[in-house]
$ cat start_15.csv   # CSV, C-alpha atoms
chain,number,residue,atom,x,y,z
E,1,MET,CA,59.3,2.2,14.7
E,2,ARG,CA,59.7,5.9,14.0
E,3,ILE,CA,56.5,7.9,13.9
E,4,ASP,CA,56.5,10.7,11.3
E,5,ARG,CA,54.6,13.7,12.6
E,6,ARG,CA,53.5,14.8,9.1
E,7,ARG,CA,52.3,11.3,8.3
E,8,VAL,CA,50.2,11.1,11.5
E,9,LEU,CA,48.6,14.5,10.7
E,10,ALA,CA,47.9,13.4,7.2
E,11,VAL,CA,46.2,10.2,8.4
E,12,LEU,CA,44.2,12.1,11.0
E,13,GLY,CA,43.2,14.6,8.3
E,14,LEU,CA,41.9,11.8,6.0
E,15,GLY,CA,39.9,10.3,8.9
E,16,ALA,CA,38.4,13.7,9.7
E,17,ALA,CA,37.5,14.3,6.1
E,18,ALA,CA,35.8,10.8,5.9
E,19,SER,CA,33.9,11.5,9.1
E,20,ALA,CA,32.8,14.9,7.7
E,21,ARG,CA,31.6,13.2,4.5
E,22,ARG,CA,29.6,10.7,6.4
E,23,ALA,CA,28.1,13.4,8.6
E,24,GLN,CA,27.2,15.4,5.4
E,25,ALA,CA,25.6,12.3,3.9
E,26,ARG,CA,23.5,11.8,7.1
E,27,ASP,CA,22.4,15.4,6.8
E,28,ARG,CA,21.4,14.9,3.2
E,29,VAL,CA,19.7,11.5,3.4
E,30,SER,CA,17.2,9.9,5.7
E,31,PHE,CA,14.5,7.2,5.8
E,32,GLN,CA,11.6,9.2,7.3
E,33,HIS,CA,8.9,6.9,6.0
E,34,GLY,CA,10.2,3.6,7.3
E,35,VAL,CA,10.3,0.3,5.4
E,36,ALA,CA,7.6,-2.1,4.2
E,37,SER,CA,7.2,-5.4,2.4
E,38,GLY,CA,4.3,-6.8,0.4
E,39,ASP,CA,2.8,-9.3,-2.0
E,40,PRO,CA,4.5,-12.4,-0.6
E,41,GLN,CA,4.5,-15.6,-2.6
E,42,GLN,CA,6.3,-18.9,-2.0
E,43,ASP,CA,9.4,-17.8,-3.8
E,44,ARG,CA,9.4,-14.0,-3.6
E,45,VAL,CA,8.5,-10.8,-1.7
E,46,LEU,CA,8.5,-7.1,-2.5
E,47,LEU,CA,10.6,-4.7,-0.4
E,48,TRP,CA,9.8,-1.0,-0.1
E,49,THR,CA,11.2,2.2,1.3
E,50,ARG,CA,11.4,5.9,0.5
E,51,ILE,CA,14.6,8.0,0.7
E,52,THR,CA,14.3,11.6,1.8
E,53,ALA,CA,17.1,13.7,0.4
E,54,ARG,CA,17.9,17.3,-0.4
E,55,GLY,CA,17.9,18.2,-4.1
E,56,SER,CA,16.5,16.4,-7.0
E,57,ASP,CA,19.4,14.2,-8.2
E,58,ASN,CA,19.0,10.5,-8.5
E,59,LEU,CA,20.1,8.4,-5.5
E,60,ALA,CA,21.9,5.1,-5.4
E,61,PHE,CA,20.9,2.7,-2.7
E,62,ARG,CA,21.7,-0.8,-1.5
E,63,TRP,CA,19.5,-3.4,0.1
E,64,ARG,CA,19.9,-6.7,1.8
E,65,LEU,CA,17.6,-9.5,3.0
E,66,ASP,CA,18.8,-12.1,5.5
E,67,PRO,CA,17.0,-15.3,6.8
E,68,LEU,CA,16.1,-15.0,10.5
E,69,ASP,CA,17.2,-18.6,11.0
E,70,GLY,CA,20.8,-17.6,10.2
E,71,LYS,CA,21.2,-20.6,7.9
E,72,GLY,CA,22.3,-18.8,4.7
E,73,GLY,CA,20.4,-17.9,1.6
E,74,GLY,CA,20.4,-14.2,2.0
E,75,LYS,CA,20.1,-11.7,-0.9
E,76,HIS,CA,21.5,-8.3,-1.6
E,77,GLY,CA,21.6,-5.8,-4.4
E,78,SER,CA,21.6,-2.2,-5.4
E,79,GLY,CA,19.6,0.3,-7.5
E,80,VAL,CA,18.8,3.9,-8.2
E,81,THR,CA,15.7,6.0,-7.5
E,82,GLY,CA,14.8,9.6,-8.3
E,83,PRO,CA,12.2,12.2,-8.6
E,84,ASP,CA,10.3,10.4,-11.3
E,85,ARG,CA,9.0,8.0,-8.6
E,86,ASP,CA,9.2,10.4,-5.7
E,87,PHE,CA,12.4,8.7,-4.4
E,88,THR,CA,10.5,5.6,-3.5
E,89,VAL,CA,12.2,2.2,-3.8
E,90,LYS,CA,10.8,-1.2,-4.7
E,91,VAL,CA,12.8,-4.4,-4.9
E,92,ASP,CA,11.2,-7.6,-6.0
E,93,VAL,CA,13.4,-10.3,-4.4
E,94,VAL,CA,13.0,-13.7,-6.1
E,95,ASN,CA,14.3,-17.2,-5.8
E,96,LEU,CA,13.5,-17.4,-2.0
E,97,ASP,CA,12.5,-20.4,0.0
E,98,PRO,CA,8.9,-21.0,0.9
E,99,GLY,CA,7.7,-20.4,4.5
E,100,ARG,CA,10.9,-18.6,5.6
E,101,ALA,CA,11.2,-15.5,7.7
E,102,TYR,CA,13.6,-12.7,6.8
E,103,SER,CA,14.9,-9.4,8.0
E,104,PHE,CA,15.7,-6.6,5.5
E,105,GLN,CA,17.3,-3.2,5.4
E,106,PHE,CA,18.2,-0.4,2.9
E,107,GLU,CA,21.3,1.9,2.8
E,108,CYS,CA,21.9,5.1,1.0
E,109,GLY,CA,24.9,7.5,1.4
E,110,GLY,CA,26.2,5.7,4.4
E,111,VAL,CA,22.8,5.9,6.2
E,112,SER,CA,20.8,2.8,7.1
E,113,SER,CA,17.1,2.4,7.1
E,114,PRO,CA,15.1,0.8,10.0
E,115,VAL,CA,15.1,-3.0,9.9
E,116,GLY,CA,11.9,-4.7,8.7
E,117,ARG,CA,10.7,-8.3,9.0
E,118,THR,CA,9.0,-10.3,6.2
E,119,HIS,CA,8.5,-13.8,5.0
E,120,THR,CA,7.4,-15.9,2.1
E,121,LEU,CA,4.2,-17.9,1.9
E,122,PRO,CA,4.3,-21.5,2.9
E,123,ASP,CA,4.1,-24.4,0.5
E,124,GLY,CA,2.5,-27.8,1.2
E,125,PRO,CA,0.9,-28.9,4.5
E,126,THR,CA,0.0,-25.8,6.5
E,127,LYS,CA,-1.7,-26.0,9.9
E,128,ASP,CA,-2.9,-22.4,10.2
E,129,ALA,CA,-2.4,-18.8,9.2
E,130,VAL,CA,-2.7,-15.6,11.1
E,131,LEU,CA,-4.0,-12.6,9.1
E,132,ALA,CA,-4.5,-9.1,10.4
E,133,PHE,CA,-7.1,-6.8,8.6
E,134,CYS,CA,-7.2,-3.1,8.3
E,135,ALA,CA,-9.1,-0.5,6.3
E,136,CYS,CA,-10.5,3.1,6.5
E,137,ALA,CA,-7.7,5.0,8.2
E,138,LEU,CA,-8.5,8.8,8.2
E,139,PHE,CA,-5.4,10.6,9.5
E,140,PRO,CA,-7.1,13.6,11.2
E,141,ASN,CA,-9.9,11.5,12.7
E,142,GLY,CA,-7.8,9.8,15.4
E,143,TYR,CA,-4.6,8.0,16.3
E,144,PHE,CA,-3.5,4.9,14.5
E,145,ASN,CA,-3.5,2.7,17.6
E,146,ALA,CA,-4.9,-0.3,15.6
E,147,TYR,CA,-1.7,-0.3,13.6
E,148,GLY,CA,0.3,-0.3,16.8
E,149,ALA,CA,-1.7,-3.3,18.0
E,150,ILE,CA,-0.9,-5.2,14.8
E,151,ALA,CA,2.8,-4.4,15.1
E,152,ARG,CA,2.8,-5.9,18.7
E,153,LEU,CA,1.2,-9.2,17.7
E,154,GLN,CA,3.3,-12.2,18.6
E,155,ARG,CA,2.5,-13.7,15.2
E,156,VAL,CA,1.1,-12.3,12.0
E,157,ASP,CA,1.6,-14.0,8.7
E,158,ALA,CA,0.2,-11.2,6.5
E,159,ILE,CA,-1.5,-7.8,7.0
E,160,VAL,CA,-4.5,-7.4,4.6
E,161,CYS,CA,-5.5,-3.9,3.8
E,162,LEU,CA,-8.8,-3.6,2.0
E,163,GLY,CA,-8.6,0.0,1.0
E,164,ASP,CA,-9.0,3.6,2.1
E,165,TYR,CA,-5.4,3.5,3.2
E,166,ILE,CA,-5.5,7.3,2.7
E,167,TYR,CA,-8.4,9.8,2.4
E,168,GLU,CA,-8.4,12.6,-0.2
E,169,TYR,CA,-10.2,15.1,2.0
E,170,GLY,CA,-8.6,18.3,3.2
E,171,GLY,CA,-9.4,21.7,4.6
E,172,THR,CA,-11.6,23.2,7.4
E,173,GLY,CA,-15.0,21.6,7.5
E,174,SER,CA,-14.0,18.5,5.5
E,175,TYR,CA,-15.0,15.0,6.5
E,176,GLY,CA,-13.2,13.9,9.7
E,177,MET,CA,-12.0,17.4,10.7
E,178,ASP,CA,-14.4,17.6,13.7
E,179,SER,CA,-12.2,15.0,15.5
E,180,PRO,CA,-10.7,16.1,18.9
E,181,VAL,CA,-7.2,15.4,17.5
E,182,ALA,CA,-7.7,16.9,14.0
E,183,GLY,CA,-5.8,20.0,15.1
E,184,GLU,CA,-2.6,18.1,15.7
E,185,ARG,CA,-3.1,15.7,12.8
E,186,ALA,CA,-4.2,18.2,10.1
E,187,PRO,CA,-4.1,16.8,6.6
E,188,ASP,CA,-1.1,17.6,4.3
E,189,PRO,CA,-1.7,19.2,1.9
E,190,ALA,CA,-4.4,21.2,3.7
E,191,HIS,CA,-6.7,21.0,0.7
E,192,GLU,CA,-8.3,18.1,-1.1
E,193,CYS,CA,-5.9,15.9,-3.1
E,194,VAL,CA,-6.3,16.4,-6.9
E,195,SER,CA,-2.8,16.5,-8.4
E,196,LEU,CA,0.1,14.0,-8.4
E,197,ALA,CA,2.0,16.2,-5.9
E,198,ASP,CA,-1.1,16.3,-3.6
E,199,TYR,CA,-1.5,12.5,-3.5
E,200,ARG,CA,2.3,12.0,-3.0
E,201,ARG,CA,2.2,14.4,0.0
E,202,ARG,CA,-0.8,12.7,1.5
E,203,HIS,CA,0.9,9.3,1.3
E,204,ALA,CA,4.0,10.7,2.7
E,205,GLN,CA,2.2,12.2,5.7
E,206,TYR,CA,0.5,8.9,6.5
E,207,LYS,CA,3.8,7.0,6.5
E,208,THR,CA,5.3,9.4,9.0
E,209,ASP,CA,3.0,7.9,11.6
E,210,PRO,CA,5.2,5.7,13.9
E,211,GLN,CA,2.5,3.1,14.6
E,212,LEU,CA,1.8,2.7,10.9
E,213,GLN,CA,5.6,2.4,10.3
E,214,ALA,CA,5.8,-0.3,12.9
E,215,ALA,CA,3.0,-2.3,11.3
E,216,HIS,CA,4.6,-2.0,7.9
E,217,ALA,CA,7.9,-3.2,9.4
E,218,ARG,CA,6.3,-6.1,11.2
E,219,ALA,CA,5.1,-8.4,8.3
E,220,PRO,CA,4.3,-8.3,4.6
E,221,TRP,CA,1.2,-6.4,3.5
E,222,ILE,CA,-1.4,-7.5,0.9
E,223,VAL,CA,-3.3,-4.4,-0.3
E,224,VAL,CA,-6.0,-3.1,-2.6
E,225,TRP,CA,-7.5,0.3,-2.9
E,226,ASP,CA,-11.0,1.4,-2.3
E,227,ASP,CA,-12.4,4.8,-3.3
E,228,HIS,CA,-10.6,7.3,-1.1
E,229,GLU,CA,-7.2,6.6,-2.6
E,230,THR,CA,-8.7,8.5,-5.5
E,231,ALA,CA,-12.0,10.2,-4.5
E,232,ASN,CA,-15.1,9.3,-2.5
E,233,ASP,CA,-17.5,6.8,-4.1
E,234,ALA,CA,-15.3,6.4,-7.2
E,235,TRP,CA,-16.5,4.4,-10.2
E,236,LEU,CA,-15.1,3.8,-13.7
E,237,ASP,CA,-16.0,7.2,-15.1
E,238,GLY,CA,-16.2,9.5,-12.1
E,239,ALA,CA,-16.6,9.9,-8.4
E,240,GLN,CA,-19.1,11.6,-6.0
E,241,ASN,CA,-16.2,13.8,-4.7
E,242,HIS,CA,-15.0,14.8,-8.2
E,243,GLN,CA,-16.2,18.0,-9.9
E,244,PRO,CA,-15.0,18.1,-13.5
E,245,SER,CA,-15.7,21.9,-13.7
E,246,THR,CA,-13.2,22.7,-11.0
E,247,GLU,CA,-11.0,19.6,-10.7
E,248,GLY,CA,-10.5,18.7,-14.3
E,249,ASP,CA,-10.6,15.4,-16.1
E,250,TRP,CA,-11.5,12.4,-13.9
E,251,ASN,CA,-9.2,10.1,-15.9
E,252,VAL,CA,-6.3,12.4,-15.3
E,253,ARG,CA,-7.0,12.6,-11.5
E,254,LYS,CA,-7.5,8.8,-11.3
E,255,ALA,CA,-4.2,8.2,-13.1
E,256,VAL,CA,-2.1,10.5,-10.9
E,257,ALA,CA,-3.7,9.1,-7.7
E,258,ILE,CA,-2.9,5.6,-8.7
E,259,LYS,CA,0.7,6.5,-9.8
E,260,ALA,CA,1.2,7.9,-6.3
E,261,TYR,CA,-0.3,4.7,-4.8
E,262,TYR,CA,2.0,2.4,-6.8
E,263,GLU,CA,5.0,4.5,-5.8
E,264,TRP,CA,4.1,4.6,-2.1
E,265,MET,CA,2.6,1.1,-1.4
E,266,PRO,CA,4.3,-2.3,-1.3
E,267,ILE,CA,2.4,-3.8,-4.2
E,268,ARG,CA,3.5,-5.3,-7.5
E,269,GLU,CA,2.2,-3.2,-10.4
E,270,PRO,CA,0.2,-4.9,-13.1
E,271,PRO,CA,2.2,-5.8,-16.2
E,272,GLY,CA,1.8,-3.0,-18.7
E,273,GLY,CA,0.4,-0.7,-16.0
E,274,GLY,CA,-3.3,0.1,-15.5
E,275,PHE,CA,-5.6,-0.6,-12.6
E,276,ALA,CA,-6.1,-4.4,-12.7
E,277,ILE,CA,-4.6,-5.3,-9.3
E,278,ASN,CA,-6.7,-8.4,-8.8
E,279,ARG,CA,-4.3,-11.2,-7.7
E,280,SER,CA,-4.2,-14.3,-5.5
E,281,PHE,CA,-2.2,-15.8,-2.7
E,282,ASP,CA,-2.0,-19.4,-1.6
E,283,PHE,CA,-1.2,-20.2,2.0
E,284,GLY,CA,0.1,-23.7,1.5
E,285,ASP,CA,-2.7,-26.3,1.3
E,286,LEU,CA,-4.8,-24.3,3.8
E,287,ALA,CA,-6.3,-21.3,2.1
E,288,SER,CA,-6.4,-19.2,-1.1
E,289,LEU,CA,-6.9,-15.4,-0.8
E,290,PHE,CA,-8.3,-13.5,-3.8
E,291,MET,CA,-7.8,-9.8,-3.8
E,292,LEU,CA,-10.4,-8.0,-6.0
E,293,GLU,CA,-10.5,-4.6,-7.8
E,294,THR,CA,-14.1,-3.3,-7.7
E,295,ARG,CA,-13.7,0.5,-8.2
E,296,LEU,CA,-11.7,1.7,-11.2
E,297,THR,CA,-11.7,-1.0,-13.9
E,298,ALA,CA,-15.4,-1.7,-14.5
E,299,ARG,CA,-17.7,-0.4,-11.7
E,300,ASP,CA,-20.9,1.3,-12.8
E,301,HIS,CA,-22.2,4.5,-11.3
E,302,GLN,CA,-23.7,3.5,-8.0
E,303,LEU,CA,-27.4,4.5,-7.4
E,304,TYR,CA,-28.2,6.7,-4.5
E,305,PRO,CA,-31.9,6.5,-3.3
E,306,ASP,CA,-31.7,10.0,-1.8
E,307,THR,CA,-30.7,11.5,-5.2
E,308,GLU,CA,-32.3,9.1,-7.6
E,309,MET,CA,-35.8,9.3,-6.1
E,310,PRO,CA,-38.0,12.2,-4.8
E,311,LYS,CA,-38.1,12.8,-1.1
E,312,ASP,CA,-41.5,11.2,-0.8
E,313,PRO,CA,-41.5,8.6,-3.7
E,314,THR,CA,-44.6,6.9,-5.0
E,315,PHE,CA,-44.8,3.1,-5.2
E,316,PRO,CA,-44.2,3.2,-9.0
E,317,GLU,CA,-41.1,5.4,-8.5
E,318,VAL,CA,-39.7,3.0,-5.9
E,319,ALA,CA,-40.5,0.0,-8.2
E,320,ALA,CA,-38.7,1.8,-11.1
E,321,PHE,CA,-35.6,2.4,-8.8
E,322,LYS,CA,-35.5,-1.2,-7.8
E,323,ARG,CA,-35.6,-2.3,-11.4
E,324,ARG,CA,-32.7,-0.2,-12.2
E,325,LEU,CA,-30.8,-1.5,-9.2
E,326,ALA,CA,-31.5,-5.1,-10.1
E,327,ASP,CA,-30.5,-4.6,-13.8
E,328,PRO,CA,-28.2,-7.6,-14.5
E,329,ARG,CA,-26.1,-5.4,-16.8
E,330,ARG,CA,-24.9,-3.4,-13.9
E,331,LYS,CA,-21.5,-4.5,-12.7
E,332,MET,CA,-18.7,-4.0,-10.2
E,333,MET,CA,-16.1,-6.3,-11.9
E,334,SER,CA,-15.2,-6.8,-15.5
E,335,PRO,CA,-16.1,-10.1,-17.2
E,336,GLY,CA,-12.4,-10.9,-17.3
E,337,GLN,CA,-12.0,-10.4,-13.6
E,338,GLU,CA,-15.2,-12.5,-12.9
E,339,ALA,CA,-13.8,-15.3,-15.0
E,340,TRP,CA,-10.4,-15.1,-13.3
E,341,LEU,CA,-12.1,-15.3,-9.9
E,342,GLY,CA,-14.3,-18.2,-10.8
E,343,GLN,CA,-11.4,-20.2,-12.2
E,344,GLY,CA,-9.3,-19.4,-9.2
E,345,LEU,CA,-12.0,-20.5,-6.8
E,346,GLU,CA,-12.5,-23.8,-8.7
E,347,GLU,CA,-8.8,-24.5,-8.7
E,348,SER,CA,-8.5,-23.9,-5.0
E,349,VAL,CA,-11.4,-26.2,-4.3
E,350,ARG,CA,-9.9,-28.9,-6.6
E,351,ALA,CA,-6.6,-28.5,-4.7
E,352,ALA,CA,-8.5,-29.4,-1.5
E,353,ARG,CA,-7.8,-26.2,0.3
E,354,PRO,CA,-10.6,-25.8,2.9
E,355,TRP,CA,-10.6,-22.0,2.8
E,356,GLN,CA,-11.3,-19.6,-0.1
E,357,LEU,CA,-11.0,-16.0,1.1
E,358,ILE,CA,-12.1,-12.9,-0.9
E,359,GLY,CA,-10.5,-9.6,-0.2
E,360,ASN,CA,-13.1,-7.1,-1.3
E,361,GLU,CA,-13.2,-3.3,-0.8
E,362,VAL,CA,-16.9,-3.0,-0.2
E,363,VAL,CA,-19.5,-4.8,1.9
E,364,MET,CA,-20.5,-8.2,0.5
E,365,ALA,CA,-23.4,-10.2,1.6
E,366,ARG,CA,-26.0,-12.7,0.4
E,367,LEU,CA,-29.3,-10.9,-0.4
E,368,SER,CA,-32.8,-12.3,-0.6
E,369,THR,CA,-34.7,-10.5,-3.4

$ encode --input "start_15.csv" --output "C-alpha cells"
Amino acid sequence: MRIDRRRVLAVLGLGAAASARRAQARDRVSFQHGVASGDPQQDRVLLWTRITARGSDNLAFRWRLDPLDGKGGGKHGSGVTGPDRDFTVKVDVVNLDPGRAYSFQFECGGVSSPVGRTHTLPDGPTKDAVLAFCACALFPNGYFNAYGAIARLQRVDAIVCLGDYIYEYGGTGSYGMDSPVAGERAPDPAHECVSLADYRRRHAQYKTDPQLQAAHARAPWIVVWDDHETANDAWLDGAQNHQPSTEGDWNVRKAVAIKAYYEWMPIREPPGGGFAINRSFDFGDLASLFMLETRLTARDHQLYPDTEMPKDPTFPEVAAFKRRLADPRRKMMSPGQEAWLGQGLEESVRAARPWQLIGNEVVMARLST
C-alpha cells in the first residue's frame, strides 16, 4: 500500500483540529455544581445539573440514565438550557421500573458531568426504608461534614431536606459570621440576598461544596423550603428580615427567591407555578411521606412575645396575648392543603401502611392548653 505524504498530513491536521475543538469545548464548559436527583416516584425521577459556560448563548446537552443491574431499560435524551434559567437543567425521566437503582450523567460540548446515583420508589411489599434528614445549613457557620456522612452511608433510599438549604444573610456582623471558619467560607454575594441574581449566586456557592455535591450524587432528594430560602421568619405577606423601605416589595422578593430555588433544586415545580409544593411519596406498603408548605402560601404573621408585649407585662396583657395566639382563625396551611393532608393520611391508613410521616419545616408537637 502506498502512503501519500499529503494525505497523511491532511489526516493528522484533521485530528489535531478535532482535538483542539474538544479542548476549546472543555475550556468553555464545565459542571462545577455537580449533579442531583429528586422527587422519586415508582415510575419516575427528576435529574438535575447546572452547566457553567462562557457567554450567554443557549447550550445543548445530552443525558443518560442506566440501571445499575445492567439488565436494560436505560433512558437517554437531549435538551437545551440558557440564561433564562441560569443554565440549570432538569429532566423528568418517566416510564421507569419501581424500586430500581440507576446511574445518570450529563454531557455538553464533549464534556461529561460527574456520575450520580438515584432510584425509584418501591411498589408493593417493602420491608424497610432508610431516610436521611438534613436542614439548616449555614455556609459560613461551619463545614458541611454532615452531608459528607450522608454520602458515605452504605444505604440511603432518600435524603429529606426540611428547609433552610441556604441562608439569605450576608456581610460583616450578619448571623453566623462569628464562626471560626467564616473567613474562608464568606457568603457570596457578600451582602444579603434580595434580587434574583443574589439568590442564584448563593445557591451556586452552596453547590460548590464538595460534601454537599457528594450527598446530592448519592441518592434522590425530597425537599421543601423553610424561611431562609427567602428571608428569616417569612410568612404570607412579609418576613422579619425584610424591610420594604429599603428592600422593595415582599412579593417580588419572594417570587425571585423561589424562582432561583426551582432552578437550583431537584424538585418538580407545581403545575402552573406558584408556591404550593406540598406533595406525597409512598414507600411501597410501608410508609407514606407528606411534604408540607407552611411558609409562603397561607401562614399568618407569627406572634413574638418580646415585641407583642411590654417588657414586664401584666396578667391581663399576658392573657390577651394568649387569646391572640390561640385564635382558631390563625393558620399555617391553607384550607386546601389541610384537606389534601387529611385525605392523604386517611388513604394511607386504609392502604394498611403502618407509617405516616410528615415532612414539616418547623417544630411540631402536641400541646396541652

$ residues_around --input "start_15.csv" --residues "region 302-315 of chain E" --least-positions-apart "2" --cutoff "12 Å" --atoms "all atoms listed in the file" --output "PyMOL selection string"
chain E and resi 232-240+294-295+298-300+317-327+330-332

$ closest_residue --input "start_15.csv" --among "E:Gln213, E:Thr172, E:Thr126, E:Asn141" --to "Val35 (chain E)" --atoms "only C-alpha atoms"
E:Gln213

$ residues_near_point --input "start_15.csv" --point "(23.2, 9.8, 0.2)" --cutoff "12 Å" --atoms "all atoms listed in the file" --output "MDAnalysis selection string"
chainID E and resid 21:31 51:62 80:82 87 106:113

$ residues_around --input "start_15.csv" --residues "Pro189 (chain E)" --least-positions-apart "4" --cutoff "7 Å" --atoms "all atoms listed in the file" --output "MDAnalysis selection string"
chainID E and resid 198 201:202

$ atom_distance --input "start_15.csv" --atom1 "CA of Ala158 (chain E)" --atom2 "CA of Asp123 (chain E)"
15.0 Å

$ closest_residue --input "start_15.csv" --among "E:Leu292, E:Cys193, E:Ala287, E:Val224" --to "Pro354 (chain E)" --atoms "all atoms listed in the file"
E:Ala287

$ closest_atom_pairs --input "start_15.csv" --of "region 197-235 of chain E" --to "region 260-281 of chain E" --cutoff "9 Å" --atoms "all atoms listed in the file" --output "Markdown table"
| residue | atom | partner | partner_atom | distance |
| --- | --- | --- | --- | --- |
| E:Ala197 | CA | E:Ala260 | CA | 8.3 |
| E:Tyr199 | CA | E:Ala260 | CA | 6.0 |
| E:Arg200 | CA | E:Ala260 | CA | 5.4 |
| E:His203 | CA | E:Trp264 | CA | 6.6 |
| E:Ala204 | CA | E:Trp264 | CA | 7.8 |
| E:Lys207 | CA | E:Trp264 | CA | 8.9 |
| E:Pro220 | CA | E:Pro266 | CA | 8.4 |
| E:Trp221 | CA | E:Pro266 | CA | 7.0 |
| E:Ile222 | CA | E:Ile267 | CA | 7.4 |
| E:Val223 | CA | E:Ile267 | CA | 6.9 |
| E:Val224 | CA | E:Ile277 | CA | 7.2 |
| E:Trp225 | CA | E:Tyr261 | CA | 8.6 |
| E:Glu229 | CA | E:Tyr261 | CA | 7.5 |

$ atom_distance --input "start_15.csv" --atom1 "CA of Asp66 (chain E)" --atom2 "CA of Phe290 (chain E)"
28.7 Å

$ closest_residue --input "start_15.csv" --among "E:Leu138, E:Ala186, E:Ala231, E:Ala351" --to "Gly124 (chain E)" --atoms "only C-alpha atoms"
E:Ala351

$ atom_distance --input "start_15.csv" --atom1 "CA of Ala182 (chain E)" --atom2 "CA of Lys254 (chain E)"
26.6 Å

$ residues_near_point --input "start_15.csv" --point "(-7.4, -27.9, 3.0)" --cutoff "10 Å" --atoms "all atoms listed in the file" --output "PyMOL selection string"
chain E and resi 125-127+283-288+348-356

$ write_last_selection --input "start_15.csv" --atoms "C-alpha atoms" --output "JSON list (two decimals), in the frame of the given file"
[["chain", "number", "residue", "atom", "x", "y", "z"],
["E", 125, "PRO", "CA", 0.90, -28.90, 4.50],
["E", 126, "THR", "CA", 0.00, -25.80, 6.50],
["E", 127, "LYS", "CA", -1.70, -26.00, 9.90],
["E", 283, "PHE", "CA", -1.20, -20.20, 2.00],
["E", 284, "GLY", "CA", 0.10, -23.70, 1.50],
["E", 285, "ASP", "CA", -2.70, -26.30, 1.30],
["E", 286, "LEU", "CA", -4.80, -24.30, 3.80],
["E", 287, "ALA", "CA", -6.30, -21.30, 2.10],
["E", 288, "SER", "CA", -6.40, -19.20, -1.10],
["E", 348, "SER", "CA", -8.50, -23.90, -5.00],
["E", 349, "VAL", "CA", -11.40, -26.20, -4.30],
["E", 350, "ARG", "CA", -9.90, -28.90, -6.60],
["E", 351, "ALA", "CA", -6.60, -28.50, -4.70],
["E", 352, "ALA", "CA", -8.50, -29.40, -1.50],
["E", 353, "ARG", "CA", -7.80, -26.20, 0.30],
["E", 354, "PRO", "CA", -10.60, -25.80, 2.90],
["E", 355, "TRP", "CA", -10.60, -22.00, 2.80],
["E", 356, "GLN", "CA", -11.30, -19.60, -0.10]]

$ build_atoms --input "start_15.csv" --residues "region 36-50 of chain E" --atoms "N, CA and C atoms" --output "short mmCIF file (atom, residue, chain, number, x, y, z; two decimals), keeping the file's coordinate frame"
data_model
loop_
_atom_site.label_atom_id
_atom_site.label_comp_id
_atom_site.auth_asym_id
_atom_site.auth_seq_id
_atom_site.Cartn_x
_atom_site.Cartn_y
_atom_site.Cartn_z
N ALA E 36 8.82 -1.27 4.33
CA ALA E 36 7.60 -2.10 4.20
C ALA E 36 7.96 -3.28 3.28
N SER E 37 7.12 -4.30 3.34
CA SER E 37 7.20 -5.40 2.40
C SER E 37 5.77 -5.79 1.99
N GLY E 38 5.64 -6.49 0.87
CA GLY E 38 4.30 -6.80 0.40
C GLY E 38 4.27 -7.89 -0.64
N ASP E 39 3.05 -8.29 -1.00
CA ASP E 39 2.80 -9.30 -2.00
C ASP E 39 3.67 -10.52 -1.92
N PRO E 40 3.68 -11.18 -0.75
CA PRO E 40 4.50 -12.40 -0.60
C PRO E 40 3.97 -13.53 -1.43
N GLN E 41 4.87 -14.29 -1.98
CA GLN E 41 4.50 -15.60 -2.60
C GLN E 41 5.49 -16.61 -2.05
N GLN E 42 5.40 -17.84 -2.55
CA GLN E 42 6.30 -18.90 -2.00
C GLN E 42 7.75 -18.65 -2.30
N ASP E 43 8.04 -17.91 -3.37
CA ASP E 43 9.40 -17.80 -3.80
C ASP E 43 9.89 -16.31 -3.89
N ARG E 44 9.08 -15.37 -3.43
CA ARG E 44 9.40 -14.00 -3.60
C ARG E 44 8.67 -13.07 -2.65
N VAL E 45 9.20 -11.86 -2.48
CA VAL E 45 8.50 -10.80 -1.70
C VAL E 45 9.02 -9.48 -2.17
N LEU E 46 8.16 -8.48 -2.06
CA LEU E 46 8.50 -7.10 -2.50
C LEU E 46 8.93 -6.29 -1.31
N LEU E 47 10.07 -5.61 -1.43
CA LEU E 47 10.60 -4.70 -0.40
C LEU E 47 10.35 -3.26 -0.81
N TRP E 48 10.07 -2.39 0.17
CA TRP E 48 9.80 -1.00 -0.10
C TRP E 48 10.43 -0.06 0.87
N THR E 49 10.83 1.11 0.42
CA THR E 49 11.20 2.20 1.30
C THR E 49 11.08 3.51 0.51
N ARG E 50 11.33 4.62 1.19
CA ARG E 50 11.40 5.90 0.50
C ARG E 50 12.57 6.69 1.12
#
